[in-house]
>>> print(open('query_5.csv').read())   # CSV, C-alpha atoms
chain,number,residue,atom,x,y,z
A,1,ASP,CA,-15.0,83.2,47.3
A,2,GLN,CA,-16.9,81.6,50.2
A,3,LEU,CA,-14.5,82.7,52.9
A,4,THR,CA,-14.9,86.4,51.9
A,5,LEU,CA,-18.7,86.1,51.8
A,6,ALA,CA,-18.7,84.5,55.3
A,7,GLY,CA,-16.4,87.4,56.6
A,8,ILE,CA,-18.8,90.0,55.1
A,9,LEU,CA,-21.7,88.2,56.7
A,10,GLY,CA,-20.0,88.3,60.0
A,11,VAL,CA,-19.3,92.0,59.8
A,12,VAL,CA,-22.9,92.8,58.7
A,13,ASN,CA,-24.1,90.6,61.6
A,14,LEU,CA,-22.0,92.5,64.1
A,15,LEU,CA,-23.0,95.9,62.7
A,16,GLY,CA,-26.7,94.8,62.7
A,17,ALA,CA,-26.4,93.7,66.4
A,18,GLY,CA,-24.8,97.0,67.2
A,19,TYR,CA,-27.5,99.0,65.4
A,20,LEU,CA,-30.2,97.0,67.1
A,21,GLY,CA,-28.6,97.7,70.5
A,22,LEU,CA,-28.5,101.4,69.8
A,23,GLN,CA,-32.2,101.3,68.8
A,24,PHE,CA,-33.1,99.5,72.0
A,25,SER,CA,-31.0,101.9,74.2
A,26,SER,CA,-32.8,104.9,72.7
A,27,LEU,CA,-36.2,103.6,73.9
A,28,PRO,CA,-37.5,105.3,77.1
A,29,ALA,CA,-37.0,103.3,80.2
A,30,GLY,CA,-40.0,101.4,81.4
A,31,ILE,CA,-41.5,100.9,77.9
A,32,ALA,CA,-42.7,97.4,77.4
A,33,LEU,CA,-42.5,96.0,73.9
A,34,GLY,CA,-44.9,93.3,72.9
A,35,GLY,CA,-45.1,90.8,70.1
A,36,PHE,CA,-42.2,90.3,67.8
A,37,LEU,CA,-40.2,93.4,69.1
A,38,GLY,CA,-40.5,92.1,72.6
A,39,PHE,CA,-39.2,88.8,71.6
A,40,VAL,CA,-36.3,90.4,69.7
A,41,LYS,CA,-35.4,92.6,72.8
A,42,ALA,CA,-35.5,89.5,75.0
A,43,ALA,CA,-33.3,87.6,72.6
A,44,TYR,CA,-30.9,90.5,72.0
A,45,PRO,CA,-28.1,89.1,74.3
A,46,ALA,CA,-28.2,85.8,72.5
A,47,LEU,CA,-28.0,87.6,69.1
A,48,VAL,CA,-25.0,89.6,70.3
A,49,ALA,CA,-23.3,86.4,71.6
A,50,TYR,CA,-24.0,84.7,68.2
A,51,ALA,CA,-22.6,87.7,66.3
A,52,VAL,CA,-19.4,87.8,68.4
A,53,GLY,CA,-19.0,84.0,68.2
A,54,PHE,CA,-19.5,84.0,64.4
A,55,VAL,CA,-16.5,86.3,64.0
A,56,GLY,CA,-14.5,85.4,67.1
A,57,ALA,CA,-14.3,81.6,66.8
A,58,PRO,CA,-12.7,81.7,63.3
A,59,ALA,CA,-10.5,84.6,64.3
A,60,LEU,CA,-9.1,82.6,67.3
A,61,ARG,CA,-8.7,79.5,65.1
A,62,TYR,CA,-6.9,81.6,62.5
A,63,PHE,CA,-4.4,83.0,65.0
A,64,GLY,CA,-3.9,79.6,66.6
A,65,LEU,CA,-3.3,77.9,63.3
A,66,ASP,CA,-0.9,80.7,62.3
A,67,LYS,CA,1.3,79.8,65.3
A,68,LYS,CA,1.1,76.1,64.6
A,69,ASN,CA,1.9,76.7,60.9
A,70,ALA,CA,5.0,78.7,61.9
A,71,GLU,CA,6.1,75.7,64.0
A,72,ILE,CA,5.6,73.3,61.1
A,73,GLU,CA,7.4,75.6,58.7
A,74,GLU,CA,10.4,75.8,61.1
A,75,ARG,CA,10.4,72.0,61.4
A,76,ASN,CA,10.3,71.6,57.6
A,77,ARG,CA,13.2,74.1,57.3
A,78,LEU,CA,15.3,72.0,59.6
A,79,ARG,CA,14.4,68.9,57.7
A,80,ARG,CA,15.5,70.6,54.4
A,81,GLU,CA,18.8,71.6,56.0
A,82,TRP,CA,19.5,68.0,57.1
A,83,ARG,CA,18.5,66.6,53.6
A,84,ASN,CA,20.8,69.1,52.0
A,85,THR,CA,23.6,68.0,54.4
A,86,LEU,CA,23.1,64.4,53.5
A,87,GLU,CA,22.9,65.1,49.7
A,88,SER,CA,26.0,67.2,49.8
A,89,GLY,CA,28.1,64.3,51.1
A,90,GLN,CA,29.3,66.2,54.2
A,91,ALA,CA,28.0,63.3,56.4
A,92,ASP,CA,29.3,60.4,54.3
A,93,GLY,CA,32.3,59.8,56.5
A,94,LYS,CA,30.2,59.9,59.7
A,95,LEU,CA,27.6,57.5,58.2
A,96,ALA,CA,30.4,55.1,57.1
A,97,GLU,CA,31.8,55.1,60.6
A,98,ALA,CA,28.4,54.5,62.1
A,99,ARG,CA,27.9,51.5,59.7
A,100,THR,CA,30.9,49.8,61.2
A,101,TYR,CA,29.2,49.8,64.6
A,102,ARG,CA,26.0,48.3,63.4
A,103,THR,CA,25.1,44.9,64.6
A,104,ALA,CA,24.1,42.1,62.2
A,105,MET,CA,20.4,41.5,61.7
A,106,ARG,CA,19.1,38.0,61.8
A,107,GLN,CA,16.8,37.2,58.9
A,108,VAL,CA,13.9,35.0,59.8
A,109,GLY,CA,13.3,32.3,57.2
A,110,ASP,CA,10.7,29.6,56.6
A,111,GLY,CA,12.3,27.1,59.0
A,112,ASP,CA,12.4,29.6,61.8
A,113,SER,CA,8.7,30.1,62.2
A,114,VAL,CA,7.1,28.7,65.4
A,115,TYR,CA,3.5,28.8,64.3
A,116,SER,CA,1.8,28.6,60.9
A,117,THR,CA,-1.8,29.1,60.0
A,118,ALA,CA,-1.5,26.2,57.5
A,119,LYS,CA,-1.9,23.7,60.4
A,120,GLY,CA,-4.0,23.6,63.5
A,121,ALA,CA,-2.7,25.0,66.8
A,122,ALA,CA,-2.8,21.7,68.7
A,123,GLU,CA,-1.1,19.8,65.9
A,124,GLN,CA,1.8,22.4,65.7
A,125,ALA,CA,2.3,22.7,69.4
A,126,SER,CA,2.8,18.9,69.8
A,127,SER,CA,5.0,18.4,66.8
A,128,ASN,CA,7.2,21.4,67.5
A,129,ASP,CA,7.4,20.7,71.2
A,130,MET,CA,8.4,17.1,70.6
A,131,ALA,CA,11.0,18.0,68.0
A,132,ASP,CA,12.4,20.6,70.4
A,133,PHE,CA,12.5,18.0,73.2
A,134,ASP,CA,14.3,15.5,70.9
A,135,ARG,CA,16.8,18.1,69.8
A,136,ARG,CA,17.6,19.1,73.3
A,137,MET,CA,17.9,15.5,74.5
A,138,GLY,CA,20.2,14.7,71.6
A,139,SER,CA,22.5,17.5,72.4
A,140,LYS,CA,22.9,16.3,76.1
A,141,ALA,CA,23.5,12.6,75.3
>>> encode(input="query_5.csv", output="structure tokens")
Amino acid sequence: DQLTLAGILGVVNLLGAGYLGLQFSSLPAGIALGGFLGFVKAAYPALVAYAVGFVGAPALRYFGLDKKNAEIEERNRLRREWRNTLESGQADGKLAEARTYRTAMRQVGDGDSVYSTAKGAAEQASSNDMADFDRRMGSKA
């Protein structure tokens, strides 16, 4: 598959950079290479950095993801345990007890809305404000 081929390419790249380094080190000191070989010798540190990065970056990512995957697997294991506890009925009594402490939820209906997109903002503000004023005045009289 593609991952295997990329791994093989990385190993060949590292071996090639190592072999090239051995060849350059076997040259007598003070020899000046010209043309293409001179360019390759000058670019050799960059070639080695590329070869190491080509193998090193995915390796670091693999080991980093391995740790993260272990954390995710542990979290999923705990979730499965809690699901099994809920499905087994062991927590039914505790859940029923908790339901007795729950507060009532207010359901918002059509008459409870303060603003609607069916009317303009100015029209709604004045009619709602006036109705609210009248309601409040009526309760004090």
>>> axis_aligned_box(input="query_5.csv", around="segment 2-19 of chain A", padding_each_side="3 Å", output="lines of an AutoDock Vina configuration file")
center_x = -21.0
center_y = 90.3
center_z = 58.7
size_x = 19.0
size_y = 23.4
size_z = 23.0
>>> atom_distance(input="query_5.csv", atom1="atom CA of Lys119 of chain A", atom2="atom CA of Arg135 of chain A")
21.7 Å
>>> closest_residue(input="query_5.csv", among="A:Tyr19, A:Ser116, A:Phe133, A:Ala98", to="Val48 of chain A", atoms="all atoms listed in the file")
A:Tyr19
>>> closest_residue(input="query_5.csv", among="A:Leu37, A:Ala6, A:Leu47, A:Ala32", to="Gly18 of chain A", atoms="only C-alpha atoms")
A:Leu47
>>> closest_residue(input="query_5.csv", among="A:Gln2, A:Phe36, A:Glu71, A:Tyr44", to="Gly16 of chain A", atoms="all atoms listed in the file")
A:Tyr44
>>> atom_distance(input="query_5.csv", atom1="atom CA of Ala29 of chain A", atom2="atom CA of Ala46 of chain A")
21.0 Å
>>> closest_residue(input="query_5.csv", among="A:Phe39, A:Arg83, A:Ala51, A:Pro28", to="Asn13 of chain A", atoms="all atoms listed in the file")
A:Ala51
>>> closest_residue(input="query_5.csv", among="A:Leu15, A:Val108, A:Leu95, A:Leu20", to="Val52 of chain A", atoms="only C-alpha atoms")
A:Leu15
>>> closest_residue(input="query_5.csv", among="A:Gln90, A:Thr117, A:Gly64, A:Lys41", to="Ser25 of chain A", atoms="all atoms listed in the file")
A:Lys41
>>> atom_distance(input="query_5.csv", atom1="atom CA of Ala42 of chain A", atom2="atom CA of Gly21 of chain A")
11.6 Å
>>> residues_around(input="query_5.csv", residues="Phe54 of chain A", least_positions_apart="2", cutoff="12 Å", atoms="all atoms listed in the file", output="compact mmCIF listing (two decimals) with C-alpha atoms, in the coordinates of the input")
# COMPACT_ATOMS: atom_id res chain seq x y z
CA ALA A 6 -18.70 84.50 55.30
CA GLY A 7 -16.40 87.40 56.60
CA ILE A 8 -18.80 90.00 55.10
CA LEU A 9 -21.70 88.20 56.70
CA GLY A 10 -20.00 88.30 60.00
CA VAL A 11 -19.30 92.00 59.80
CA VAL A 12 -22.90 92.80 58.70
CA ASN A 13 -24.10 90.60 61.60
CA LEU A 14 -22.00 92.50 64.10
CA LEU A 47 -28.00 87.60 69.10
CA VAL A 48 -25.00 89.60 70.30
CA ALA A 49 -23.30 86.40 71.60
CA TYR A 50 -24.00 84.70 68.20
CA ALA A 51 -22.60 87.70 66.30
CA VAL A 52 -19.40 87.80 68.40
CA GLY A 56 -14.50 85.40 67.10
CA ALA A 57 -14.30 81.60 66.80
CA PRO A 58 -12.70 81.70 63.30
CA ALA A 59 -10.50 84.60 64.30
CA LEU A 60 -9.10 82.60 67.30
CA ARG A 61 -8.70 79.50 65.10
>>> decode(input="query_5.csv", residues="segment 67-90 of chain A", atoms="N, CA and C atoms", output="compact mmCIF listing (two decimals), in the first residue's frame")
# COMPACT_ATOMS: atom_id res chain seq x y z
N LYS A 67 -0.16 7.83 21.72
CA LYS A 67 -0.49 8.25 23.09
C LYS A 67 -1.92 8.79 23.14
N LYS A 68 -2.27 9.62 22.16
CA LYS A 68 -3.60 10.21 22.14
C LYS A 68 -4.67 9.13 21.93
N ASN A 69 -4.38 8.16 21.07
CA ASN A 69 -5.33 7.06 20.84
C ASN A 69 -5.53 6.23 22.11
N ALA A 70 -4.48 6.06 22.89
CA ALA A 70 -4.61 5.33 24.15
C ALA A 70 -5.53 6.08 25.11
N GLU A 71 -5.41 7.41 25.14
CA GLU A 71 -6.29 8.22 26.00
C GLU A 71 -7.74 8.12 25.53
N ILE A 72 -7.95 8.15 24.23
CA ILE A 72 -9.31 8.05 23.68
C ILE A 72 -9.89 6.66 23.99
N GLU A 73 -9.08 5.62 23.85
CA GLU A 73 -9.55 4.27 24.14
C GLU A 73 -9.94 4.12 25.61
N GLU A 74 -9.17 4.74 26.50
CA GLU A 74 -9.51 4.69 27.94
C GLU A 74 -10.83 5.41 28.20
N ARG A 75 -11.02 6.57 27.57
CA ARG A 75 -12.26 7.32 27.74
C ARG A 75 -13.44 6.50 27.21
N ASN A 76 -13.27 5.86 26.06
CA ASN A 76 -14.35 5.03 25.51
C ASN A 76 -14.65 3.83 26.40
N ARG A 77 -13.61 3.25 27.02
CA ARG A 77 -13.82 2.13 27.94
C ARG A 77 -14.68 2.57 29.13
N LEU A 78 -14.37 3.75 29.68
CA LEU A 78 -15.16 4.26 30.80
C LEU A 78 -16.60 4.54 30.39
N ARG A 79 -16.77 5.06 29.18
CA ARG A 79 -18.14 5.31 28.70
C ARG A 79 -18.92 4.00 28.55
N ARG A 80 -18.24 2.96 28.04
CA ARG A 80 -18.91 1.66 27.92
C ARG A 80 -19.31 1.12 29.29
N GLU A 81 -18.44 1.30 30.28
CA GLU A 81 -18.77 0.84 31.63
C GLU A 81 -20.00 1.56 32.16
N TRP A 82 -20.06 2.89 31.98
CA TRP A 82 -21.23 3.65 32.46
C TRP A 82 -22.49 3.24 31.70
N ARG A 83 -22.37 3.01 30.38
CA ARG A 83 -23.53 2.57 29.60
C ARG A 83 -24.02 1.23 30.11
N ASN A 84 -23.09 0.31 30.37
CA ASN A 84 -23.48 -1.00 30.89
C ASN A 84 -24.14 -0.88 32.25
N THR A 85 -23.67 0.03 33.09
CA THR A 85 -24.28 0.25 34.40
C THR A 85 -25.71 0.74 34.24
N LEU A 86 -25.91 1.69 33.32
CA LEU A 86 -27.26 2.21 33.10
C LEU A 86 -28.18 1.15 32.51
N GLU A 87 -27.66 0.36 31.57
CA GLU A 87 -28.50 -0.67 30.95
C GLU A 87 -28.82 -1.81 31.90
N SER A 88 -27.96 -2.06 32.87
CA SER A 88 -28.18 -3.19 33.79
C SER A 88 -29.26 -2.88 34.82
N GLY A 89 -29.59 -1.60 35.01
CA GLY A 89 -30.62 -1.24 35.97
C GLY A 89 -30.08 -0.95 37.36
N GLN A 90 -28.77 -0.99 37.55
CA GLN A 90 -28.18 -0.73 38.86
C GLN A 90 -28.42 0.71 39.30
